[in-house]
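The data block below is final-v7.cif; it holds mmCIF, C-alpha atoms.
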```
data_model
loop_
_atom_site.label_atom_id
_atom_site.label_comp_id
_atom_site.auth_asym_id
_atom_site.auth_seq_id
_atom_site.Cartn_x
_atom_site.Cartn_y
_atom_site.Cartn_z
CA MET A 29 95.95 99.25 63.55
CA GLU A 30 92.18 99.63 63.54
CA ILE A 31 91.98 99.71 67.34
CA VAL A 32 94.38 102.66 67.52
CA LYS A 33 92.04 104.77 65.40
CA GLY A 34 89.21 103.85 67.74
CA ILE A 35 91.18 104.79 70.82
CA VAL A 36 92.36 108.13 69.48
CA ALA A 37 88.76 108.88 68.44
CA GLY A 38 87.71 108.13 72.03
CA ASN A 39 85.66 105.03 71.21
CA ILE A 40 84.72 103.38 74.52
CA ARG A 41 84.78 99.80 73.27
CA SER A 42 88.18 100.21 71.62
CA ILE A 43 89.62 101.69 74.81
CA ALA A 44 88.13 98.91 76.94
CA ARG A 45 89.47 96.23 74.57
CA ALA A 46 92.91 97.81 74.53
CA VAL A 47 93.10 97.75 78.32
CA SER A 48 92.27 94.03 78.20
CA ILE A 49 95.02 93.50 75.62
CA VAL A 50 97.68 95.02 77.87
CA GLU A 51 96.20 93.40 80.96
CA ASN A 52 96.33 89.92 79.46
CA ASN A 53 99.63 90.55 77.69
CA MET A 54 97.94 89.57 74.45
CA GLU A 55 99.42 89.58 70.99
CA GLY A 56 99.74 93.02 69.46
CA LYS A 57 100.35 94.73 72.78
CA GLU A 58 103.75 96.16 71.91
CA GLU A 59 102.67 97.42 68.51
CA LEU A 60 99.57 98.97 70.07
CA LEU A 61 101.57 100.87 72.69
CA ASP A 62 104.07 102.03 70.08
CA GLU A 63 101.29 103.33 67.85
CA LEU A 64 99.75 105.19 70.77
CA HIS A 65 103.03 106.68 71.96
CA THR A 66 102.89 109.85 69.85
CA HIS A 67 99.38 110.56 71.15
CA THR A 68 100.41 110.53 74.81
CA GLY A 69 101.73 113.17 77.18
CA ASN A 70 98.69 115.42 77.50
CA ALA A 71 96.95 113.89 80.50
CA VAL A 72 97.67 114.66 84.13
CA VAL A 73 98.09 111.55 86.27
CA TRP A 74 97.05 111.61 89.93
CA GLY A 75 97.85 108.69 92.21
CA ILE A 76 95.63 108.00 95.19
CA THR A 77 97.08 105.71 97.82
CA GLY A 78 96.68 104.92 101.51
CA PRO A 79 95.58 102.16 103.88
CA PRO A 80 92.44 100.06 103.27
CA GLY A 81 89.27 101.89 104.27
CA ALA A 82 90.85 105.36 104.23
CA GLY A 83 88.25 106.55 101.74
CA LYS A 84 90.30 106.53 98.53
CA SER A 85 87.41 105.58 96.24
CA THR A 86 85.00 108.09 97.78
CA LEU A 87 87.65 110.78 97.44
CA ALA A 88 88.15 109.81 93.79
CA ASP A 89 84.39 110.07 93.31
CA ARG A 90 84.43 113.64 94.65
CA LEU A 91 87.40 114.62 92.52
CA ILE A 92 85.69 113.25 89.40
CA GLN A 93 82.79 115.57 90.20
CA LYS A 94 85.11 118.56 90.49
CA GLU A 95 86.89 117.79 87.25
CA ARG A 96 83.62 117.25 85.41
CA SER A 97 82.30 120.58 86.62
CA GLU A 98 85.20 122.13 84.73
CA GLY A 99 84.35 120.11 81.65
CA LYS A 100 87.35 117.81 81.84
CA LYS A 101 87.27 114.17 80.78
CA VAL A 102 88.31 111.79 83.54
CA ALA A 103 89.54 108.20 83.60
CA VAL A 104 89.94 106.20 86.78
CA ILE A 105 91.99 103.03 87.16
CA ALA A 106 91.02 101.35 90.42
CA VAL A 107 93.24 98.50 91.55
CA ASP A 108 92.14 95.83 94.02
CA PRO A 109 94.09 92.77 95.15
CA SER A 110 93.93 89.35 93.49
CA SER A 111 93.79 86.33 95.74
CA PRO A 112 97.23 84.69 95.81
CA PHE A 113 95.46 81.35 96.20
CA THR A 114 92.71 81.33 93.58
CA GLY A 115 93.72 84.25 91.39
CA GLY A 116 90.20 85.58 91.82
CA SER A 117 89.37 89.14 92.73
CA LEU A 118 86.41 91.12 93.98
CA LEU A 119 86.66 94.56 92.43
CA GLY A 120 84.46 96.86 94.49
CA ASP A 121 86.02 100.31 94.18
CA ARG A 122 83.74 101.45 91.42
CA LEU A 123 80.76 100.94 93.70
CA ARG A 124 81.59 104.33 95.24
CA MET A 125 81.88 106.04 91.87
CA GLN A 126 78.91 104.42 90.18
CA THR A 127 76.95 107.71 89.94
CA HIS A 128 79.35 108.57 87.10
CA ALA A 129 78.80 105.27 85.26
CA THR A 130 76.64 106.71 82.48
CA ASP A 131 78.55 109.99 82.10
CA PRO A 132 80.27 109.76 78.69
CA GLY A 133 83.09 111.96 80.02
CA VAL A 134 84.05 109.43 82.70
CA PHE A 135 85.68 106.05 82.16
CA ILE A 136 86.20 103.82 85.19
CA ARG A 137 88.21 100.64 84.88
CA SER A 138 88.76 98.17 87.71
CA MET A 139 91.96 96.15 87.66
CA ALA A 140 93.09 93.21 89.75
CA SER A 141 96.70 93.30 90.97
CA ARG A 142 97.27 89.78 89.51
CA GLY A 143 100.14 88.85 91.77
CA HIS A 144 102.03 92.09 91.30
CA LEU A 145 103.27 93.40 94.64
CA GLY A 146 103.78 97.14 94.24
CA GLY A 147 100.22 98.17 95.09
CA ILE A 148 99.18 98.55 91.47
CA SER A 149 99.12 96.10 88.58
CA THR A 150 101.82 95.99 85.91
CA ALA A 151 99.22 96.77 83.27
CA ALA A 152 98.20 99.99 85.06
CA PHE A 153 101.25 101.69 83.52
CA ASP A 154 100.09 100.77 80.03
CA ALA A 155 96.44 101.54 80.77
CA VAL A 156 97.43 105.10 81.67
CA LYS A 157 98.95 105.48 78.20
CA ILE A 158 95.78 104.21 76.56
CA PHE A 159 93.56 106.71 78.42
CA ASP A 160 96.07 109.48 77.74
CA ALA A 161 96.01 108.75 74.01
CA ALA A 162 92.21 108.56 74.10
CA GLY A 163 92.05 112.19 75.20
CA TYR A 164 91.23 111.96 78.90
CA ASP A 165 92.44 115.12 80.62
CA THR A 166 92.87 113.63 84.06
CA ILE A 167 93.70 110.04 84.93
CA MET A 168 93.38 108.92 88.52
CA VAL A 169 95.03 105.72 89.65
CA GLU A 170 93.75 104.31 92.90
CA THR A 171 96.06 101.73 94.48
CA ILE A 172 95.05 98.76 96.60
CA GLY A 173 95.03 99.55 100.31
CA VAL A 174 98.74 99.81 100.95
CA GLY A 175 100.87 99.02 103.94
CA GLN A 176 104.37 100.40 104.16
CA THR A 177 106.32 99.40 101.11
CA GLU A 178 103.99 99.66 98.16
CA VAL A 179 105.54 102.75 96.69
CA GLU A 180 105.27 102.04 92.98
CA ILE A 181 102.53 104.61 92.55
CA ILE A 182 105.24 107.32 92.50
CA GLU A 183 106.62 105.89 89.30
CA LEU A 184 103.23 106.19 87.66
CA SER A 185 101.87 109.54 88.85
CA ASP A 186 102.56 113.22 88.34
CA ILE A 187 101.12 113.89 91.79
CA VAL A 188 100.56 111.37 94.60
CA MET A 189 97.89 111.86 97.25
CA LEU A 190 98.46 109.84 100.39
CA VAL A 191 95.13 109.42 102.16
CA LEU A 192 95.33 108.98 105.93
CA VAL A 193 92.65 108.62 108.58
CA PRO A 194 92.68 109.25 112.32
CA GLY A 195 93.14 106.29 114.62
CA MET A 196 95.87 104.43 112.77
CA GLY A 197 98.55 104.60 115.43
CA ASP A 198 100.99 107.07 116.89
CA GLU A 199 103.48 109.30 115.15
CA ILE A 200 106.09 106.55 115.08
CA GLN A 201 103.95 104.84 112.43
CA ALA A 202 104.07 108.03 110.44
CA MET A 203 107.84 108.27 110.78
CA LYS A 204 108.58 104.81 109.42
CA ALA A 205 110.39 104.70 106.13
CA GLY A 206 108.46 104.28 102.95
CA VAL A 207 104.87 105.27 102.88
CA MET A 208 105.23 108.82 104.23
CA GLU A 209 107.83 109.56 101.61
CA ILE A 210 105.55 108.81 98.68
CA GLY A 211 102.94 111.53 99.15
CA ASP A 212 103.12 114.93 97.45
CA ILE A 213 99.85 115.85 99.11
CA PHE A 214 98.79 114.40 102.45
CA VAL A 215 95.05 114.09 102.76
CA VAL A 216 93.70 113.67 106.27
CA ASN A 217 90.31 112.18 105.41
CA LYS A 218 87.35 111.58 107.73
CA SER A 219 88.32 114.90 109.30
CA ASP A 220 85.11 114.96 111.34
CA ARG A 221 86.47 112.12 113.44
CA GLU A 222 88.23 112.45 116.74
CA GLY A 223 91.98 112.63 116.39
CA ALA A 224 92.00 114.28 112.95
CA GLU A 225 93.63 117.47 114.20
CA ARG A 226 96.25 115.48 116.09
CA LEU A 227 97.01 113.38 113.02
CA LYS A 228 97.45 116.55 110.99
CA ALA A 229 99.86 117.90 113.59
CA GLU A 230 101.82 114.64 113.58
CA VAL A 231 102.14 114.66 109.80
CA GLU A 232 103.24 118.30 109.91
CA TYR A 233 105.87 117.37 112.47
CA VAL A 234 107.20 114.45 110.44
CA LEU A 235 107.38 116.58 107.31
CA MET A 236 109.14 119.34 109.19
CA ILE A 237 111.92 117.12 110.51
CA SER A 238 112.36 115.03 107.38
CA GLU A 239 115.33 116.03 105.29
CA LYS A 240 114.74 116.69 101.68
CA PRO A 241 116.62 118.19 98.79
CA LYS A 242 116.14 121.97 98.66
CA GLU A 243 114.86 122.09 95.11
CA SER A 244 112.01 119.61 95.68
CA PRO A 245 108.58 121.21 96.02
CA GLN A 246 106.86 121.78 99.33
CA LYS A 247 104.54 119.00 100.48
CA LYS A 248 100.98 119.97 101.33
CA ILE A 249 98.49 118.76 103.91
CA CYS A 250 94.76 118.93 103.39
CA MET A 251 91.84 117.99 105.67
CA THR A 252 88.83 116.43 103.96
CA SER A 253 85.69 114.53 104.63
CA ALA A 254 84.92 112.85 101.32
CA ARG A 255 81.59 111.58 102.62
CA ASP A 256 80.40 115.06 103.61
CA ASN A 257 82.11 116.68 100.63
CA THR A 258 84.13 119.07 102.78
CA GLY A 259 87.67 120.11 102.00
CA ILE A 260 87.37 118.81 98.44
CA ASP A 261 87.47 122.29 96.89
CA GLU A 262 90.69 123.04 98.71
CA LEU A 263 92.25 119.69 97.75
CA HIS A 264 91.29 120.28 94.14
CA ARG A 265 92.85 123.74 94.24
CA ILE A 266 96.07 122.33 95.71
CA LEU A 267 96.20 119.70 92.97
CA GLN A 268 95.81 122.30 90.25
CA THR A 269 98.30 124.74 91.74
CA LYS A 270 100.86 121.99 92.18
CA HIS A 271 100.48 120.90 88.59
CA THR A 272 100.97 124.44 87.30
CA GLU A 273 104.02 124.93 89.53
CA ASP A 274 105.60 121.59 88.60
CA LEU A 275 105.05 122.33 84.95
CA LYS A 276 106.68 125.74 85.25
CA SER A 277 109.64 124.67 87.36
CA GLY A 278 110.48 121.73 85.13
CA PHE A 279 109.88 119.33 88.00
CA LEU A 280 107.14 117.54 86.06
CA GLU A 281 109.33 117.03 83.03
CA GLU A 282 112.08 115.67 85.23
CA LYS A 283 109.62 113.33 86.92
CA ARG A 284 108.26 112.05 83.62
CA LYS A 285 111.76 111.46 82.27
CA HIS A 286 112.62 109.58 85.40
CA ARG A 287 109.52 107.44 84.78
CA LEU A 288 110.68 106.73 81.22
CA ASN A 289 114.10 105.81 82.54
CA LYS A 290 112.52 103.25 84.89
CA GLU A 291 110.27 101.87 82.19
CA LEU A 292 112.99 101.55 79.63
CA SER A 293 115.40 99.90 82.07
CA ASN A 294 112.70 97.47 83.08
CA LEU A 295 112.04 96.61 79.45
CA PHE A 296 115.74 96.09 78.82
CA TYR A 297 116.04 93.77 81.80
CA LEU A 298 112.92 91.88 80.83
CA LYS A 299 113.94 91.38 77.23
CA THR A 300 117.55 90.55 78.09
CA ARG A 301 116.31 88.02 80.56
CA GLU A 302 113.99 86.41 78.05
CA PHE A 303 116.86 86.29 75.55
CA LEU A 304 119.24 84.74 78.06
CA GLU A 305 116.76 82.14 79.13
CA GLU A 306 116.32 81.17 75.52
CA GLN A 307 120.03 81.14 74.69
CA LEU A 308 121.21 79.37 77.79
CA SER A 309 118.14 77.16 78.03
CA ILE A 310 118.33 77.97 81.73
CA GLY A 311 115.11 76.20 82.58
CA ALA A 312 116.21 72.92 81.03
CA GLN A 313 119.67 72.84 82.62
CA MET A 314 118.72 74.26 85.99
CA ASP A 315 118.18 70.84 87.58
CA THR A 316 121.66 69.61 86.66
CA TRP A 317 123.28 72.75 88.04
CA ILE A 318 121.27 72.61 91.22
CA GLU A 319 122.23 68.98 91.72
CA GLY A 320 125.91 69.91 91.39
CA ILE A 321 125.61 72.80 93.81
CA TYR A 322 123.65 70.71 96.27
CA LYS A 323 126.31 67.97 96.22
CA LYS A 324 129.04 70.62 96.67
CA GLU A 325 130.61 69.68 93.34
CA ILE A 326 129.99 73.16 91.96
CA LYS A 327 130.90 76.46 93.61
CA PRO A 328 128.04 78.83 92.81
CA TYR A 329 129.95 82.09 92.18
CA LYS A 330 132.74 80.40 90.24
CA PHE A 331 130.12 78.66 88.15
CA ILE A 332 128.28 81.90 87.39
CA SER A 333 131.41 83.81 86.45
CA GLU A 334 132.46 81.03 84.06
CA LYS A 335 129.02 81.11 82.47
CA MET A 336 129.25 84.87 82.09
CA LYS A 337 132.67 84.53 80.46
CA GLU A 338 131.23 82.11 77.91
CA LEU A 339 128.41 84.50 77.18
CA LYS A 340 130.61 87.54 76.74
CA LYS A 341 132.89 85.62 74.37
CA GLU A 342 129.89 84.82 72.25
CA TYR A 343 127.99 88.12 72.25
CA VAL A 344 130.38 90.93 73.09
CA LYS A 345 132.72 92.07 70.37
CA GLY A 346 136.40 92.79 70.90
CA MET B 75 98.91 84.01 78.98
CA GLU B 76 95.34 82.91 79.45
CA ARG B 77 92.71 85.61 79.30
CA LYS B 78 91.13 86.14 82.72
CA THR B 79 87.36 85.81 82.81
CA ARG B 80 85.69 88.99 84.07
CA ILE B 81 82.15 89.08 85.41
CA GLU B 82 79.97 92.04 86.40
CA ILE B 83 77.49 91.38 89.19
CA ALA B 84 74.79 94.03 89.38
CA LYS B 85 71.42 94.70 90.92
CA PRO B 86 69.02 96.53 88.63
CA GLY B 87 65.91 98.21 90.00
CA LEU B 88 64.89 99.43 93.37
CA ASP B 89 65.10 96.56 95.82
CA GLY B 90 67.94 96.72 98.30
CA HIS B 91 68.25 93.02 99.06
CA ASP B 92 71.86 92.47 98.09
CA ARG B 93 72.80 89.40 100.09
CA GLY B 94 72.34 87.11 97.11
CA ALA B 95 74.36 89.36 94.81
CA LYS B 96 77.15 89.70 97.36
CA TYR B 97 77.18 85.94 97.96
CA ILE B 98 77.50 85.23 94.24
CA ALA B 99 80.20 87.88 93.86
CA ARG B 100 82.27 86.35 96.64
CA ALA B 101 81.76 82.78 95.49
CA LEU B 102 82.84 83.66 91.95
CA LYS B 103 85.91 85.46 93.30
CA ASP B 104 86.77 82.31 95.28
CA ALA B 105 86.35 80.32 92.07
CA GLY B 106 89.16 82.41 90.54
CA TYR B 107 87.21 84.94 88.45
CA GLU B 108 87.59 88.70 88.46
CA VAL B 109 84.28 90.05 89.70
CA ILE B 110 83.22 93.67 89.30
CA TYR B 111 80.56 94.45 91.87
CA THR B 112 78.46 97.53 91.22
CA GLY B 113 76.00 97.38 94.11
CA ILE B 114 72.30 98.10 94.40
CA ARG B 115 69.87 100.38 92.54
CA GLN B 116 71.55 100.25 89.15
CA THR B 117 69.77 101.19 85.96
CA PRO B 118 70.08 99.00 82.86
CA GLU B 119 72.00 101.93 81.34
CA SER B 120 74.60 102.05 84.12
CA ILE B 121 74.94 98.25 84.08
CA VAL B 122 75.64 98.22 80.35
CA ALA B 123 78.02 101.20 80.50
CA THR B 124 79.94 99.40 83.25
CA ALA B 125 80.02 96.12 81.31
CA ILE B 126 81.55 97.86 78.30
CA GLN B 127 84.11 99.94 80.20
CA GLU B 128 85.17 96.93 82.24
CA ASP B 129 85.26 94.70 79.12
CA VAL B 130 83.51 91.85 80.94
CA ASP B 131 82.61 88.47 79.49
CA PHE B 132 79.48 88.02 81.61
CA VAL B 133 76.87 90.16 83.32
CA GLY B 134 75.05 88.55 86.25
CA LEU B 135 71.85 90.30 87.32
CA SER B 136 70.22 89.80 90.69
CA LEU B 137 66.70 90.97 91.31
CA LEU B 138 64.08 90.32 93.96
CA SER B 139 61.55 93.05 93.31
CA GLY B 140 59.60 91.28 90.58
CA ALA B 141 60.64 93.64 87.78
CA HIS B 142 62.84 91.02 86.10
CA ASN B 143 60.58 90.69 83.03
CA GLU B 144 61.23 94.34 82.18
CA LEU B 145 64.75 94.96 83.44
CA PHE B 146 66.60 91.78 82.39
CA PRO B 147 65.61 91.99 78.69
CA ARG B 148 66.34 95.74 78.72
CA VAL B 149 69.98 94.99 79.63
CA VAL B 150 70.24 92.51 76.74
CA GLU B 151 68.69 95.06 74.36
CA LEU B 152 71.03 97.86 75.41
CA LEU B 153 74.07 95.62 75.02
CA LYS B 154 72.91 94.90 71.48
CA THR B 155 72.46 98.63 70.77
CA GLU B 156 76.02 99.20 71.93
CA GLY B 157 77.31 96.42 69.70
CA ALA B 158 78.22 94.30 72.71
CA GLU B 159 75.89 91.36 72.22
CA ASP B 160 78.86 89.01 72.74
CA ILE B 161 78.59 89.70 76.48
CA ILE B 162 76.61 86.88 78.10
CA VAL B 163 73.78 87.83 80.46
CA PHE B 164 72.50 85.58 83.25
CA GLY B 165 70.16 86.27 86.12
CA GLY B 166 69.09 85.19 89.55
CA GLY B 167 66.63 85.92 92.31
CA VAL B 168 63.01 85.24 93.09
CA ILE B 169 61.85 84.44 89.59
CA PRO B 170 58.74 82.33 88.97
CA GLU B 171 59.25 79.14 86.99
CA GLU B 172 56.92 80.28 84.20
CA ASP B 173 59.01 83.43 83.57
CA ILE B 174 62.18 81.50 82.79
CA GLU B 175 61.35 80.42 79.26
CA PRO B 176 60.26 83.86 78.04
CA LEU B 177 63.40 85.39 79.57
CA THR B 178 65.61 82.81 77.88
CA LYS B 179 63.94 83.63 74.58
CA LYS B 180 64.81 87.27 75.13
CA GLY B 181 68.49 86.47 75.44
CA ILE B 182 69.07 85.86 79.14
CA GLN B 183 71.15 82.73 78.85
CA ALA B 184 70.53 81.25 82.31
CA ILE B 185 68.34 81.90 85.32
CA PHE B 186 69.41 80.66 88.74
CA ARG B 187 66.63 80.46 91.30
CA PRO B 188 66.98 80.35 95.11
CA GLY B 189 68.63 77.17 96.33
CA THR B 190 70.84 76.74 93.24
CA PRO B 191 74.28 75.42 94.29
CA ILE B 192 77.12 77.77 93.33
CA SER B 193 78.69 74.93 91.32
CA ALA B 194 75.81 75.23 88.84
CA VAL B 195 76.72 78.87 88.20
CA ILE B 196 80.40 78.01 87.81
CA ASP B 197 79.59 75.14 85.42
CA PHE B 198 77.54 77.56 83.35
CA ILE B 199 80.39 80.08 83.18
CA GLU B 200 82.96 77.42 82.35
CA SER B 201 80.79 76.00 79.57
CA LYS B 202 80.29 79.44 78.02
CA LYS B 203 83.62 81.12 78.61
CA LYS B 204 85.61 79.22 75.99
CA THR B 205 83.51 80.67 73.24
CA THR B 206 84.00 84.17 74.61
CA ALA B 207 87.79 84.09 75.00
CA ALA B 208 89.20 86.68 72.64
#
```
Rewritten as structure tokens:
Amino acid sequence: MEIVKGIVAGNIRSIARAVSIVENNMEGKEELLDELHTHTGNAVVWGITGPPGAGKSTLADRLIQKERSEGKKVAVIAVDPSSPFTGGSLLGDRLRMQTHATDPGVFIRSMASRGHLGGISTAAFDAVKIFDAAGYDTIMVETIGVGQTEVEIIELSDIVMLVLVPGMGDEIQAMKAGVMEIGDIFVVNKSDREGAERLKAEVEYVLMISEKPKESPQKKICMTSARDNTGIDELHRILQTKHTEDLKSGFLEEKRKHRLNKELSNLFYLKTREFLEEQLSIGAQMDTWIEGIYKKEIKPYKFISEKMKELKKEYVKG
Amino acid sequence: MERKTRIEIAKPGLDGHDRGAKYIARALKDAGYEVIYTGIRQTPESIVATAIQEDVDFVGLSLLSGAHNELFPRVVELLKTEGAEDIIVFGGGVIPEEDIEPLTKKGIQAIFRPGTPISAVIDFIESKKKTTAA
């Protein structure tokens, strides 16, 4: 594929086009990703998540600067929500990173969530592979401003930064299931504000009492003010140390294999589902079945198990 | 799946009057497009680099400083240099009537002056987007 050559050579237009191909689920997507597969695995993926207005984009901007000062190439995927009503989206994250727009070592791509609910878009997974194959050393994925259940960023990242700001509520908020469990590094941003020290103490407390498997690495807390550029050096150091440690301990490999497991299972489910829908012409017969169930002529579980029996007879040997 | 139309809205030059640009960005979002908003004080170079990275179909430029005769055509030129002349450029702002024709000749495909209803912008995009769908 011509486009693959372009991507591997780092051609900006090819990369941009490829992201559109995966984003729009266009023809050639699967072949493209297969061709790129052997070229992937070299980039480090950082996830940046947290509530709206926590300063994720500004933090990303500062981290780009740090990475560039070490000569690394950086790609950023910034996800913003799509309107569930119009499908439209206002993608404004790159506004905070626009000083890097003309730096050839930085590629920023905005993505709309397009109805996907995990805090990132489905295509973000594939976009990471494209940037990886194109030779970017570090890929940052910034999620939409998340609430409490958008935890998909773990599946995508080597390291997740959870960005918190003072004034979001008491420690009970921090103890709720979900969001506190997704961070590898807790960033208390806007640290010049009142309540920052208390928030840090609360996070420390929650981390101290939370049970975790012994072998999993220690979680870190870092105070920053992205606007004033304070604490960024320390955060950057923590990120690098963690990567080196995870690489050495095998934790990173385990994490990446777990990611592949998820991806492959998802693909199996997706393809099996497509196949079933075709074979059973589910869509076409659905109305008849629903009518029967509605009128109490069909028992739903009995019906399903009979259907499954038919299927197995046809497709499973023995 | 239908290809989503992506539009960059940018303000080249030095004026900081971004109400018009923000209004257009919001209205186009409400019309169902994906709008990439880059904010004020952009150079033609940063606007074009953004357009290419974001793989947009349109670039909308808003300018109120009076430098449109230099900056708008510069964006079109740079897109051409980058081999991205398929990206459609349109503009808006305080632009004198007599400047419109010369700008159109230089490749700015539409100019929307103050008081233009948003439906005119949407009609323009709809009429052009079919030819840009990959």
Given the file shown, determine the residues that the PyMOL selection byres ((chain A and resi 142) around 9) selects; report them as a VMD selection string. chain A and resid 109 to 112 115 to 117 139 to 141 143 to 145 149 to 150
Which residues fall under the PyMOL selection byres ((chain A and resi 38) around 9) in this file, as a ChimeraX atom specification? /A:33-37,39-43,159,161-164
Taking all atoms listed in the file into account, find every residue of chain A that has an atom no more than 12 Å from chain B, and write it out as a ChimeraX atom specification. /A:39-55,103-142,159
Which residues match the PyMOL selection byres ((chain B and resi 95) around 8) in the file above, as JSON, numbers by chain? {"B": [83, 84, 85, 92, 93, 94, 96, 97, 98, 99, 135, 136]}
Need to verify the contact set: A:Met168, 6 Å, all atoms listed in the file, exclusion of same-chain residues closer than 6 positions in sequence. Can you return it as an MDAnalysis selection string? chainID A and resid 73:75 104
For A:Ala82, which residue out of A:Ile249, A:Val179, A:Ala254, A:Leu184 is the nearest one, using all atoms listed in the file?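 Smallest separation from A:Ala82 among the options: A:Ala254.
Shell of B:Lys179 at 12 Å, with all atoms listed in the file counted and residues fewer than 6 places along the chain excluded, is B:Asn143, B:Phe146, B:Pro147, B:Val150, B:Asp173, B:Ile185.
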Could you tell me how far atom CA of A:Pro245 sits from atom CA of A:Lys276, in Å to one decimal place? 11.8 Å
Can you tell me how far atom CA of A:Gly211 sits from atom CA of A:Ile187, in Å to one decimal? 7.9 Å
Atom-to-atom span, atom CA of B:Asp89 and atom CA of B:Ser139, Å: 5.6 Å
What's the 6 Å shell around A:Thr166, counting only C-alpha atoms, without same-chain residues fewer than 2 positions away, as a PyMOL selection string? chain A and resi 71-72+102+164
Could you pull out every residue with an atom within 6 Å of (92.9, 97.0, 103.6), file coordinates, counting all atoms listed in the file, and send them as a list in words?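 Applying the cut-off with all atoms listed in the file, one gets Pro79, Pro80 and Gly173 of chain A.
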Would you output that residue set with C-alpha atoms, as a PDB file, in the coordinates of the input?
```pdb
ATOM      1  CA  PRO A  79      95.580 102.160 103.880  1.00  0.00           C
ATOM      2  CA  PRO A  80      92.440 100.060 103.270  1.00  0.00           C
ATOM      3  CA  GLY A 173      95.030  99.550 100.310  1.00  0.00           C
TER       4      GLY A 173
END
```
Got a sec to check which residues sit within 12 Å of (70.4, 81.3, 90.6), counting all atoms listed in the file, and write them as a PyMOL selection string? chain B and resi 94-95+97-98+134-138+164-171+174+183-196+198
Can I get the selection written as a PDB file, in the frame of the given file, with C-alpha atoms?
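Result file selection16.pdb:
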```
ATOM      1  CA  GLY B  94      72.340  87.110  97.110  1.00  0.00           C
ATOM      2  CA  ALA B  95      74.360  89.360  94.810  1.00  0.00           C
ATOM      3  CA  TYR B  97      77.180  85.940  97.960  1.00  0.00           C
ATOM      4  CA  ILE B  98      77.500  85.230  94.240  1.00  0.00           C
ATOM      5  CA  GLY B 134      75.050  88.550  86.250  1.00  0.00           C
ATOM      6  CA  LEU B 135      71.850  90.300  87.320  1.00  0.00           C
ATOM      7  CA  SER B 136      70.220  89.800  90.690  1.00  0.00           C
ATOM      8  CA  LEU B 137      66.700  90.970  91.310  1.00  0.00           C
ATOM      9  CA  LEU B 138      64.080  90.320  93.960  1.00  0.00           C
ATOM     10  CA  PHE B 164      72.500  85.580  83.250  1.00  0.00           C
ATOM     11  CA  GLY B 165      70.160  86.270  86.120  1.00  0.00           C
ATOM     12  CA  GLY B 166      69.090  85.190  89.550  1.00  0.00           C
ATOM     13  CA  GLY B 167      66.630  85.920  92.310  1.00  0.00           C
ATOM     14  CA  VAL B 168      63.010  85.240  93.090  1.00  0.00           C
ATOM     15  CA  ILE B 169      61.850  84.440  89.590  1.00  0.00           C
ATOM     16  CA  PRO B 170      58.740  82.330  88.970  1.00  0.00           C
ATOM     17  CA  GLU B 171      59.250  79.140  86.990  1.00  0.00           C
ATOM     18  CA  ILE B 174      62.180  81.500  82.790  1.00  0.00           C
ATOM     19  CA  GLN B 183      71.150  82.730  78.850  1.00  0.00           C
ATOM     20  CA  ALA B 184      70.530  81.250  82.310  1.00  0.00           C
ATOM     21  CA  ILE B 185      68.340  81.900  85.320  1.00  0.00           C
ATOM     22  CA  PHE B 186      69.410  80.660  88.740  1.00  0.00           C
ATOM     23  CA  ARG B 187      66.630  80.460  91.300  1.00  0.00           C
ATOM     24  CA  PRO B 188      66.980  80.350  95.110  1.00  0.00           C
ATOM     25  CA  GLY B 189      68.630  77.170  96.330  1.00  0.00           C
ATOM     26  CA  THR B 190      70.840  76.740  93.240  1.00  0.00           C
ATOM     27  CA  PRO B 191      74.280  75.420  94.290  1.00  0.00           C
ATOM     28  CA  ILE B 192      77.120  77.770  93.330  1.00  0.00           C
ATOM     29  CA  SER B 193      78.690  74.930  91.320  1.00  0.00           C
ATOM     30  CA  ALA B 194      75.810  75.230  88.840  1.00  0.00           C
ATOM     31  CA  VAL B 195      76.720  78.870  88.200  1.00  0.00           C
ATOM     32  CA  ILE B 196      80.400  78.010  87.810  1.00  0.00           C
ATOM     33  CA  PHE B 198      77.540  77.560  83.350  1.00  0.00           C
TER      34      PHE B 198
END
```
Hey, what's within 6 Å of B:Ile182 if we count all atoms listed in the file and toss same-chain stuff fewer than 4 positions away? As number ranges by chain, please? B: 163-164, 177-178
